[in-house]
file model16.cif (mmCIF, C-alpha atoms and all ligand atoms)
data_my_file
#
loop_
_atom_site.label_atom_id
_atom_site.label_comp_id
_atom_site.auth_asym_id
_atom_site.auth_seq_id
_atom_site.Cartn_x
_atom_site.Cartn_y
_atom_site.Cartn_z
CA MET A 11 0.00 0.00 0.00
CA SER A 12 1.45 3.38 -0.96
CA PHE A 13 2.15 6.16 1.51
CA PHE A 14 -1.03 8.01 0.70
CA LYS A 15 -3.27 5.01 1.06
CA GLU A 16 -1.79 4.38 4.50
CA ASN A 17 -2.18 8.03 5.18
CA LEU A 18 -5.81 8.08 4.11
CA LYS A 19 -6.56 5.06 6.17
CA SER A 20 -5.14 6.58 9.30
CA PHE A 21 -6.82 9.87 8.55
CA ILE A 22 -10.43 8.81 8.69
CA LYS A 23 -11.45 10.23 12.01
CA PHE A 24 -14.67 10.86 13.80
CA CYS A 25 -14.53 14.37 15.21
CA ASP A 26 -17.16 14.54 17.84
CA ARG A 27 -16.32 15.75 21.29
CA THR A 28 -18.83 13.61 23.11
CA PHE A 29 -18.64 10.47 21.03
CA PHE A 30 -15.13 9.69 19.84
CA ASN A 31 -13.59 12.48 21.84
CA TYR A 32 -11.54 13.51 18.86
CA GLN A 33 -11.56 17.09 17.73
CA LEU A 34 -10.88 18.58 14.36
CA SER A 35 -8.06 20.68 15.72
CA GLN A 36 -6.20 17.55 16.76
CA ILE A 37 -6.40 16.20 13.24
CA ARG A 38 -5.31 19.46 11.74
CA ALA A 39 -2.39 19.53 14.16
CA LYS A 40 -0.89 16.58 12.32
CA TRP A 41 -0.57 18.78 9.28
CA PHE A 42 0.91 21.85 10.88
CA PRO A 43 4.33 21.76 12.50
CA PRO A 44 4.30 22.27 16.24
CA VAL A 45 5.75 25.50 17.58
CA SER A 46 9.02 23.81 18.52
CA LYS A 47 9.68 23.03 14.85
CA LEU A 48 9.24 26.60 13.65
CA ASN A 49 12.26 28.85 13.45
CA GLY A 50 13.03 32.54 13.69
CA PRO A 51 10.58 35.38 14.19
CA THR A 52 7.60 33.10 13.63
CA SER A 53 8.24 30.92 16.61
CA LYS A 54 8.94 34.03 18.72
CA ASN A 55 5.58 35.45 17.67
CA ILE A 56 3.77 32.21 18.42
CA GLN A 57 5.51 31.86 21.76
CA LEU A 58 4.68 35.44 22.65
CA ASN A 59 1.08 34.94 21.50
CA TYR A 60 0.67 31.89 23.74
CA GLU A 61 2.12 33.76 26.70
CA GLU A 62 -0.07 36.78 26.09
CA CYS A 63 -3.20 34.68 25.62
CA ALA A 64 -2.57 33.12 29.02
CA LYS A 65 -2.38 36.55 30.66
CA LEU A 66 -4.90 38.36 28.43
CA PRO A 67 -3.48 41.90 28.48
CA LEU A 68 -5.67 44.67 27.06
CA VAL A 69 -3.38 45.09 24.02
CA LEU A 70 -1.41 42.21 22.52
CA LYS A 71 2.08 42.77 21.12
CA SER A 72 2.00 39.49 19.20
CA LYS A 73 0.19 38.95 15.92
CA PRO A 74 -2.54 36.30 15.58
CA VAL A 75 -1.41 32.72 14.95
CA LEU A 76 -4.84 31.63 13.68
CA ILE A 77 -7.17 33.86 11.69
CA TYR A 78 -10.67 32.98 10.52
CA ALA A 79 -11.71 35.16 7.59
CA GLU A 80 -15.20 34.62 6.22
CA ILE A 81 -14.85 36.17 2.78
CA SER A 82 -18.25 35.01 1.53
CA THR A 83 -21.61 34.66 3.21
CA LYS A 84 -23.21 33.58 -0.07
CA CYS A 85 -23.50 29.96 -1.05
CA ASN A 86 -24.49 28.15 -4.24
CA LEU A 87 -25.98 25.19 -2.35
CA GLN A 88 -28.60 24.54 0.31
CA CYS A 89 -27.46 21.39 2.09
CA ARG A 90 -30.07 19.82 4.31
CA MET A 91 -27.95 19.92 7.47
CA CYS A 92 -26.64 23.46 7.06
CA GLY A 93 -27.55 26.16 9.56
CA ARG A 94 -28.09 28.48 6.59
CA ALA A 95 -31.07 26.41 5.47
CA HIS A 96 -32.60 26.45 8.93
CA TYR A 97 -32.00 30.07 9.93
CA LYS A 98 -32.71 31.44 6.44
CA ILE A 99 -30.23 34.31 6.27
CA PRO A 100 -31.94 37.16 4.39
CA HIS A 101 -30.57 37.72 0.91
CA ALA A 102 -29.76 41.34 1.69
CA GLU A 103 -27.48 40.24 4.53
CA GLN A 104 -25.36 38.00 2.31
CA GLY A 105 -22.31 39.24 0.47
CA PHE A 106 -18.55 39.24 -0.01
CA MET A 107 -15.76 40.74 2.07
CA ASN A 108 -14.45 43.75 0.16
CA LYS A 109 -10.88 43.96 -1.06
CA GLU A 110 -9.94 46.82 1.24
CA THR A 111 -11.03 44.89 4.34
CA PHE A 112 -8.92 41.89 3.38
CA GLU A 113 -5.93 44.07 2.56
CA LYS A 114 -6.24 45.76 5.95
CA LEU A 115 -6.46 42.34 7.58
CA SER A 116 -3.28 41.28 5.80
CA LYS A 117 -1.29 43.69 7.96
CA LEU A 118 -1.75 41.14 10.75
CA PHE A 119 -0.33 38.26 8.71
CA THR A 120 2.88 36.60 9.90
CA HIS A 121 4.88 33.75 8.44
CA ASN A 122 3.44 30.34 9.33
CA ALA A 123 0.27 31.67 10.95
CA GLN A 124 -2.86 29.79 9.88
CA LEU A 125 -5.58 31.36 7.78
CA ALA A 126 -8.94 29.56 7.76
CA LEU A 127 -10.56 31.26 4.79
CA PHE A 128 -14.18 30.31 5.35
CA GLY A 129 -17.25 30.59 7.52
CA ARG A 130 -20.81 29.74 6.65
CA GLY A 131 -20.62 30.57 2.96
CA GLU A 132 -18.85 29.40 -0.18
CA THR A 133 -15.32 30.81 -0.38
CA LEU A 134 -14.77 30.07 -4.07
CA LEU A 135 -17.67 32.30 -5.11
CA HIS A 136 -15.67 35.38 -4.14
CA PRO A 137 -14.56 37.17 -7.32
CA ASP A 138 -11.26 38.22 -5.65
CA PHE A 139 -10.44 34.83 -4.19
CA VAL A 140 -7.24 34.41 -6.22
CA HIS A 141 -6.04 37.88 -5.21
CA PHE A 142 -6.62 37.09 -1.52
CA LEU A 143 -4.91 33.74 -1.81
CA LYS A 144 -1.86 35.34 -3.39
CA ILE A 145 -1.58 37.94 -0.60
CA ALA A 146 -1.92 35.34 2.13
CA CYS A 147 0.43 32.74 0.64
CA ASN A 148 3.05 35.34 -0.26
CA ALA A 149 2.97 36.43 3.38
CA GLY A 150 3.86 32.85 4.32
CA LEU A 151 0.50 31.90 5.82
CA ARG A 152 -0.73 28.33 5.86
CA VAL A 153 -4.05 28.70 4.09
CA GLY A 154 -6.91 26.22 4.12
CA PHE A 155 -10.70 26.17 3.96
CA ASN A 156 -13.79 24.05 3.44
CA THR A 157 -15.65 24.29 0.15
CA ASN A 158 -18.37 22.50 -1.75
CA GLY A 159 -15.95 22.72 -4.69
CA LEU A 160 -18.54 23.39 -7.36
CA ALA A 161 -17.21 26.85 -8.26
CA LEU A 162 -13.64 25.61 -8.73
CA THR A 163 -12.19 26.63 -12.10
CA LYS A 164 -8.90 25.94 -13.83
CA THR A 165 -7.68 29.45 -12.95
CA ILE A 166 -8.47 28.95 -9.28
CA ALA A 167 -6.97 25.46 -9.17
CA LYS A 168 -3.80 26.69 -10.85
CA ALA A 169 -3.50 29.53 -8.32
CA MET A 170 -3.91 27.11 -5.41
CA VAL A 171 -0.95 25.11 -6.68
CA LYS A 172 1.13 28.09 -7.77
CA TYR A 173 0.83 29.82 -4.39
CA ALA A 174 1.11 26.52 -2.49
CA GLN A 175 -2.15 26.71 -0.55
CA THR A 176 -1.72 24.31 2.36
CA HIS A 177 -4.93 22.32 2.25
CA ILE A 178 -8.47 22.26 0.91
CA THR A 179 -11.43 20.29 2.29
CA PHE A 180 -14.25 19.37 -0.08
CA SER A 181 -17.64 18.78 1.53
CA CYS A 182 -19.00 15.43 0.45
CA SER A 183 -21.42 13.70 2.80
CA ALA A 184 -22.32 10.86 0.48
CA GLY A 185 -20.90 7.88 -1.36
CA SER A 186 -23.32 7.92 -4.31
CA PRO A 187 -24.98 10.49 -6.58
CA GLU A 188 -28.39 9.70 -5.08
CA MET A 189 -27.27 10.34 -1.52
CA TYR A 190 -25.29 13.40 -2.61
CA LYS A 191 -28.52 14.81 -4.02
CA LYS A 192 -30.42 13.99 -0.84
CA ILE A 193 -27.85 15.62 1.46
CA HIS A 194 -26.50 18.50 -0.65
CA CYS A 195 -29.72 19.00 -2.65
CA THR A 196 -27.98 19.10 -6.03
CA ASP A 197 -27.22 16.82 -8.97
CA ALA A 198 -23.60 17.99 -9.03
CA TRP A 199 -21.97 14.71 -7.87
CA ASP A 200 -20.06 14.25 -11.15
CA LYS A 201 -19.05 17.88 -11.22
CA LEU A 202 -17.57 17.65 -7.73
CA TRP A 203 -15.32 14.72 -8.71
CA ARG A 204 -14.40 16.37 -12.01
CA ASN A 205 -13.29 19.45 -10.08
CA ILE A 206 -11.25 17.37 -7.64
CA ASP A 207 -9.59 15.70 -10.63
CA LEU A 208 -8.97 19.13 -12.16
CA LEU A 209 -7.14 20.25 -9.04
CA ASN A 210 -5.10 17.06 -9.04
CA ALA A 211 -4.20 17.61 -12.69
CA MET A 212 -3.05 21.15 -11.86
CA LYS A 213 -0.97 19.78 -8.99
CA LEU A 214 0.93 17.56 -11.40
CA GLU A 215 1.24 20.26 -14.05
CA TYR A 216 2.12 23.33 -12.01
CA ASP A 217 3.84 22.10 -8.85
CA VAL A 218 6.20 25.00 -8.23
CA THR A 219 8.42 23.09 -5.84
CA ARG A 220 9.19 20.33 -8.35
CA ASN A 221 10.40 18.38 -5.33
CA ASN A 222 7.49 16.05 -5.18
CA LEU A 223 6.90 13.35 -7.67
CA ASP A 224 4.14 11.90 -5.51
CA ILE A 225 0.93 13.89 -5.96
CA MET A 226 0.07 13.30 -2.31
CA HIS A 227 2.99 15.52 -1.31
CA ILE A 228 2.14 18.40 -3.60
CA PRO A 229 0.17 21.18 -1.92
CA PRO A 230 -2.65 21.75 -1.40
CA ALA A 231 -3.39 18.54 0.51
CA VAL A 232 -6.91 17.48 -0.46
CA TYR A 233 -9.40 16.33 2.17
CA LEU A 234 -13.05 15.41 2.21
CA GLU A 235 -15.46 16.25 5.01
CA PHE A 236 -18.33 13.87 5.68
CA VAL A 237 -21.06 15.18 7.99
CA ALA A 238 -22.35 11.94 9.50
CA GLN A 239 -26.13 11.55 9.78
CA LEU A 240 -28.43 8.59 10.19
CA ALA A 241 -29.46 9.06 6.55
CA ASN A 242 -25.95 8.82 5.09
CA ILE A 243 -23.71 6.93 7.52
CA SER A 244 -24.08 3.69 5.54
CA GLU A 245 -22.31 5.41 2.61
CA LEU A 246 -19.13 6.27 4.49
CA PRO A 247 -17.38 3.09 3.20
CA ALA A 248 -18.38 3.94 -0.38
CA LEU A 249 -16.91 7.42 0.01
CA VAL A 250 -13.65 5.93 1.25
CA ARG A 251 -13.48 3.74 -1.87
CA LYS A 252 -14.11 6.79 -4.02
CA ALA A 253 -11.42 8.73 -2.16
CA PHE A 254 -8.86 6.06 -3.00
CA GLU A 255 -9.62 6.55 -6.69
CA HIS A 256 -9.16 10.34 -6.57
CA ASN A 257 -5.90 10.90 -4.65
CA ILE A 258 -7.53 12.24 -1.51
CA ASN A 259 -5.18 12.83 1.43
CA GLY A 260 -7.74 12.22 4.16
CA ILE A 261 -11.36 12.21 5.27
CA VAL A 262 -12.67 14.10 8.25
CA VAL A 263 -15.92 12.72 9.66
CA VAL A 264 -17.95 15.01 11.90
CA ASP A 265 -21.23 14.42 13.66
CA VAL A 266 -24.08 16.55 12.36
CA VAL A 267 -24.96 19.70 14.30
CA ALA A 268 -28.72 19.52 14.70
CA HIS A 269 -30.33 22.85 13.84
CA SER A 270 -33.85 21.44 14.04
CA LYS A 271 -35.81 18.81 15.95
CA GLU A 272 -35.93 16.71 12.83
CA MET A 273 -32.14 16.71 12.49
CA GLU A 274 -31.77 15.91 16.19
CA LYS A 275 -32.82 12.34 15.37
CA GLU A 276 -30.05 12.15 12.76
CA ARG A 277 -27.18 12.65 15.21
CA MET A 278 -24.73 9.79 15.42
CA ASN A 279 -23.89 10.16 19.08
CA LEU A 280 -27.25 9.11 20.50
CA PRO A 281 -27.38 5.85 22.48
CA GLU A 282 -29.40 4.25 19.67
CA THR A 283 -27.20 5.55 16.80
CA ILE A 284 -23.74 5.00 18.27
CA PRO A 285 -23.66 1.26 17.38
CA ILE A 286 -24.71 2.09 13.81
CA ALA A 287 -21.97 4.71 13.51
CA GLN A 288 -19.41 2.29 14.91
CA LYS A 289 -20.39 -0.40 12.45
CA TYR A 290 -19.85 1.76 9.36
CA TYR A 291 -16.85 3.53 10.84
CA GLU A 292 -15.11 0.17 11.40
CA GLU A 293 -16.06 -0.96 7.91
CA ALA A 294 -14.63 2.24 6.43
CA LEU A 295 -11.39 1.86 8.35
CA GLY A 296 -11.01 -1.70 7.13
CA ILE A 297 -11.18 -0.84 3.43
CA GLN A 298 -8.03 -1.57 1.50
CA ALA A 299 -7.05 0.25 -1.66
S1 LIG A 301 -22.00 24.13 0.91
FE1 LIG A 301 -21.57 24.52 3.07
S2 LIG A 301 -22.29 26.62 3.46
FE2 LIG A 301 -23.22 25.94 1.51
S3 LIG A 301 -25.20 25.11 2.10
FE3 LIG A 301 -23.77 23.38 2.04
S4 LIG A 301 -23.04 23.21 4.17
FE4 LIG A 301 -23.99 25.24 3.97
#
call {"tool": "encode", "arguments": {"input": "model16.cif", "output": "structure tokens"}}
result
Amino acid sequence: MSFFKENLKSFIKFCDRTFFNYQLSQIRAKWFPPVSKLNGPTSKNIQLNYEECAKLPLVLKSKPVLIYAEISTKCNLQCRMCGRAHYKIPHAEQGFMNKETFEKLSKLFTHNAQLALFGRGETLLHPDFVHFLKIACNAGLRVGFNTNGLALTKTIAKAMVKYAQTHITFSCSAGSPEMYKKIHCTDAWDKLWRNIDLLNAMKLEYDVTRNNLDIMHIPPAVYLEFVAQLANISELPALVRKAFEHNINGIVVVDVVAHSKEMEKERMNLPETIPIAQKYYEEALGIQA
């Protein structure tokens, strides 16, 4: 089994605090060097930031080591489990972060800080996404975000590789087109996988480092996120098989956040659903390439 297949296998994780007691941040930590491995001004900034955060002075001298920037509150989907669908954000309140705001924010960027470029909207819809990515990556930030991936274009994919974006996580809570439609409310299953393949093709074509012959080592690392629900948990193994075919670095499995009474029954950490989750989780872990 190649490195990446091993890697994928060990990377399927359930990220629910109360169930598997495994949090997303712990998984991410595997992909970002710990402070002790960082050199120079960066590690001094991180060290200072940790010290200051412990004391909480009114004004911090350090710069942030983790920044969340929600550049889009618009989305091109309406997934059944999304808070957007339940809380119905008025159209007038949706929009894009303007260029000036992001450029002001960039004054806080420091080498090796993390930039999570998403919130509850679709990042790739932003018309200035490539410009923002260039600013952040040129400042040495480790950039990553979740996306439904449907607005990915060749230009965007090329920029992700050229500027060495650290990672990207495609939302895919299904292992078949039918379930994808049920969960994400769209017929775009084929498009999603075409776009993932497009990014992989760009990785091979435009890898600026030229150090990595193995696609799994060329940034951005590509992940999938599976939001586990009673309706879709049986398709986790099928998604793992699909991931093997498309050079995916890892799958993050999270329990659904129930925004409604109806979705409450779909959670996978209820006494009656835990055995079902365990069954499919074990099956997924046992899949060989
Ligand atoms: S793609 Fe993400 S933000 Fe958009 S509706 Fe689906 S879960 Fe919500």
call {"tool": "closest_residue", "arguments": {"input": "model16.cif", "among": "A:Cys182, A:Ala268, A:Cys195, A:Ala211", "to": "Leu234 of chain A", "atoms": "all atoms listed in the file"}}
result
A:Cys182
call {"tool": "residues_near_ligand", "arguments": {"input": "model16.cif", "ligand": "ligand LIG 301 (chain A)", "cutoff": "6 Å", "atoms": "all atoms listed in the file", "output": "list in words"}}
result
Cys85, Leu87, Gln88, Cys89, Cys92, Arg94, Arg130, Gly131, Glu132 and Asn158 of chain A
call {"tool": "residues_around", "arguments": {"input": "model16.cif", "residues": "Ser186 of chain A", "least_positions_apart": "6", "cutoff": "10 Å", "atoms": "only C-alpha atoms", "output": "ChimeraX atom specification"}}
result
/A:192,199-200,242,245-246,248-249,252
call {"tool": "write_last_selection", "arguments": {"input": "model16.cif", "atoms": "C-alpha atoms", "output": "mmCIF file, in the frame of the given file"}}
result
data_model
loop_
_atom_site.group_PDB
_atom_site.id
_atom_site.type_symbol
_atom_site.label_atom_id
_atom_site.label_comp_id
_atom_site.auth_asym_id
_atom_site.auth_seq_id
_atom_site.Cartn_x
_atom_site.Cartn_y
_atom_site.Cartn_z
ATOM 1 C CA LYS A 192 -30.420 13.990 -0.840
ATOM 2 C CA TRP A 199 -21.970 14.710 -7.870
ATOM 3 C CA ASP A 200 -20.060 14.250 -11.150
ATOM 4 C CA ASN A 242 -25.950 8.820 5.090
ATOM 5 C CA GLU A 245 -22.310 5.410 2.610
ATOM 6 C CA LEU A 246 -19.130 6.270 4.490
ATOM 7 C CA ALA A 248 -18.380 3.940 -0.380
ATOM 8 C CA LEU A 249 -16.910 7.420 0.010
ATOM 9 C CA LYS A 252 -14.110 6.790 -4.020
#
call {"tool": "closest_residue", "arguments": {"input": "model16.cif", "among": "A:Lys144, A:Arg251, A:Lys65, A:Lys275", "to": "Gln239 of chain A", "atoms": "all atoms listed in the file"}}
result
A:Lys275
call {"tool": "closest_residue", "arguments": {"input": "model16.cif", "among": "A:Ile297, A:Asp197, A:Lys164, A:Phe155", "to": "Tyr233 of chain A", "atoms": "only C-alpha atoms"}}
result
A:Phe155
call {"tool": "residues_near_point", "arguments": {"input": "model16.cif", "point": "(-16.0, 2.0, 6.2)", "cutoff": "10 Å", "atoms": "all atoms listed in the file", "output": "list of chain:residue names"}}
result
A:Lys19, A:Ile22, A:Ile243, A:Ser244, A:Glu245, A:Leu246, A:Pro247, A:Ala248, A:Leu249, A:Val250, A:Arg251, A:Ala287, A:Gln288, A:Lys289, A:Tyr290, A:Tyr291, A:Glu292, A:Glu293, A:Ala294, A:Leu295, A:Gly296, A:Ile297, A:Gln298
call {"tool": "atom_distance", "arguments": {"input": "model16.cif", "atom1": "atom CA of Phe254 of chain A", "atom2": "atom CA of Pro229 of chain A"}}
result
17.6 Å
call {"tool": "atom_distance", "arguments": {"input": "model16.cif", "atom1": "atom CA of Asn148 of chain A", "atom2": "atom CA of Asn122 of chain A"}}
result
10.8 Å
call {"tool": "residues_near_point", "arguments": {"input": "model16.cif", "point": "(-1.8, 25.6, -5.4)", "cutoff": "10 Å", "atoms": "all atoms listed in the file", "output": "list of chain:residue names"}}
result
A:Leu143, A:Lys144, A:Cys147, A:Ile166, A:Ala167, A:Lys168, A:Ala169, A:Met170, A:Val171, A:Lys172, A:Tyr173, A:Ala174, A:Gln175, A:Thr176, A:His177, A:Ile178, A:Leu209, A:Asn210, A:Met212, A:Lys213, A:Tyr216, A:Asp217, A:Val218, A:Ile228, A:Pro229, A:Pro230, A:Ala231
call {"tool": "residues_around", "arguments": {"input": "model16.cif", "residues": "His101 of chain A", "least_positions_apart": "4", "cutoff": "10 Å", "atoms": "all atoms listed in the file", "output": "mmCIF file with C-alpha atoms, keeping the file's coordinate frame"}}
result
data_model
loop_
_atom_site.group_PDB
_atom_site.id
_atom_site.type_symbol
_atom_site.label_atom_id
_atom_site.label_comp_id
_atom_site.auth_asym_id
_atom_site.auth_seq_id
_atom_site.Cartn_x
_atom_site.Cartn_y
_atom_site.Cartn_z
ATOM 1 C CA THR A 83 -21.610 34.660 3.210
ATOM 2 C CA LYS A 84 -23.210 33.580 -0.070
ATOM 3 C CA GLY A 105 -22.310 39.240 0.470
#
call {"tool": "closest_residue", "arguments": {"input": "model16.cif", "among": "A:Ile258, A:Ile99, A:Ile81, A:Ala161", "to": "Glu235 of chain A", "atoms": "all atoms listed in the file"}}
result
A:Ile258
call {"tool": "residues_around", "arguments": {"input": "model16.cif", "residues": "Leu160 of chain A", "least_positions_apart": "5", "cutoff": "9 Å", "atoms": "all atoms listed in the file", "output": "JSON, numbers by chain"}}
result
{"A": [86, 134, 198, 201, 202, 205]}
call {"tool": "closest_residue", "arguments": {"input": "model16.cif", "among": "A:Asn279, A:Asn257, A:Ser270, A:Thr120", "to": "Leu240 of chain A", "atoms": "only C-alpha atoms"}}
result
A:Asn279
call {"tool": "residues_around", "arguments": {"input": "model16.cif", "residues": "Ala241 of chain A", "least_positions_apart": "2", "cutoff": "12 Å", "atoms": "all atoms listed in the file", "output": "number ranges by chain"}}
result
A: 90-91, 183-185, 188-190, 192-193, 237-239, 243-246, 266, 272-273, 275-278, 283, 286-287
call {"tool": "residues_around", "arguments": {"input": "model16.cif", "residues": "Asn108 of chain A", "least_positions_apart": "4", "cutoff": "10 Å", "atoms": "all atoms listed in the file", "output": "count of residues only"}}
result
7
call {"tool": "build_atoms", "arguments": {"input": "model16.cif", "residues": "segment 201-218 of chain A", "atoms": "N, CA and C atoms", "output": "mmCIF file, in the coordinates of the input"}}
result
data_model
loop_
_atom_site.group_PDB
_atom_site.id
_atom_site.type_symbol
_atom_site.label_atom_id
_atom_site.label_comp_id
_atom_site.auth_asym_id
_atom_site.auth_seq_id
_atom_site.Cartn_x
_atom_site.Cartn_y
_atom_site.Cartn_z
ATOM 1 N N LYS A 201 -19.810 16.637 -11.132
ATOM 2 C CA LYS A 201 -19.050 17.880 -11.220
ATOM 3 C C LYS A 201 -18.034 17.986 -10.068
ATOM 4 N N LEU A 202 -18.473 17.604 -8.876
ATOM 5 C CA LEU A 202 -17.570 17.650 -7.730
ATOM 6 C C LEU A 202 -16.309 16.836 -8.003
ATOM 7 N N TRP A 203 -16.492 15.591 -8.489
ATOM 8 C CA TRP A 203 -15.320 14.720 -8.710
ATOM 9 C C TRP A 203 -14.502 15.201 -9.893
ATOM 10 N N ARG A 204 -15.164 15.791 -10.893
ATOM 11 C CA ARG A 204 -14.400 16.370 -12.010
ATOM 12 C C ARG A 204 -13.524 17.513 -11.502
ATOM 13 N N ASN A 205 -14.063 18.313 -10.599
ATOM 14 C CA ASN A 205 -13.290 19.450 -10.080
ATOM 15 C C ASN A 205 -12.131 18.986 -9.199
ATOM 16 N N ILE A 206 -12.357 17.932 -8.435
ATOM 17 C CA ILE A 206 -11.250 17.370 -7.640
ATOM 18 C C ILE A 206 -10.151 16.859 -8.579
ATOM 19 N N ASP A 207 -10.570 16.192 -9.640
ATOM 20 C CA ASP A 207 -9.590 15.700 -10.630
ATOM 21 C C ASP A 207 -8.863 16.857 -11.306
ATOM 22 N N LEU A 208 -9.587 17.947 -11.547
ATOM 23 C CA LEU A 208 -8.970 19.130 -12.160
ATOM 24 C C LEU A 208 -7.856 19.669 -11.257
ATOM 25 N N LEU A 209 -8.157 19.767 -9.972
ATOM 26 C CA LEU A 209 -7.140 20.250 -9.040
ATOM 27 C C LEU A 209 -5.936 19.311 -9.026
ATOM 28 N N ASN A 210 -6.206 18.027 -9.028
ATOM 29 C CA ASN A 210 -5.100 17.060 -9.040
ATOM 30 C C ASN A 210 -4.263 17.187 -10.315
ATOM 31 N N ALA A 211 -4.935 17.436 -11.424
ATOM 32 C CA ALA A 211 -4.200 17.610 -12.690
ATOM 33 C C ALA A 211 -3.312 18.850 -12.610
ATOM 34 N N MET A 212 -3.833 19.919 -12.011
ATOM 35 C CA MET A 212 -3.050 21.150 -11.860
ATOM 36 C C MET A 212 -1.862 20.924 -10.931
ATOM 37 N N LYS A 213 -2.070 20.079 -9.920
ATOM 38 C CA LYS A 213 -0.970 19.780 -8.990
ATOM 39 C C LYS A 213 0.198 19.156 -9.751
ATOM 40 N N LEU A 214 -0.119 18.247 -10.644
ATOM 41 C CA LEU A 214 0.930 17.560 -11.400
ATOM 42 C C LEU A 214 1.574 18.496 -12.427
ATOM 43 N N GLU A 215 0.736 19.398 -12.982
ATOM 44 C CA GLU A 215 1.240 20.260 -14.050
ATOM 45 C C GLU A 215 2.015 21.465 -13.532
ATOM 46 N N TYR A 216 1.566 22.045 -12.428
ATOM 47 C CA TYR A 216 2.120 23.330 -12.010
ATOM 48 C C TYR A 216 2.822 23.314 -10.650
ATOM 49 N N ASP A 217 3.150 22.168 -10.141
ATOM 50 C CA ASP A 217 3.840 22.100 -8.850
ATOM 51 C C ASP A 217 5.098 22.971 -8.908
ATOM 52 N N VAL A 218 5.076 24.065 -8.150
ATOM 53 C CA VAL A 218 6.200 25.000 -8.230
ATOM 54 C C VAL A 218 7.451 24.459 -7.537
#
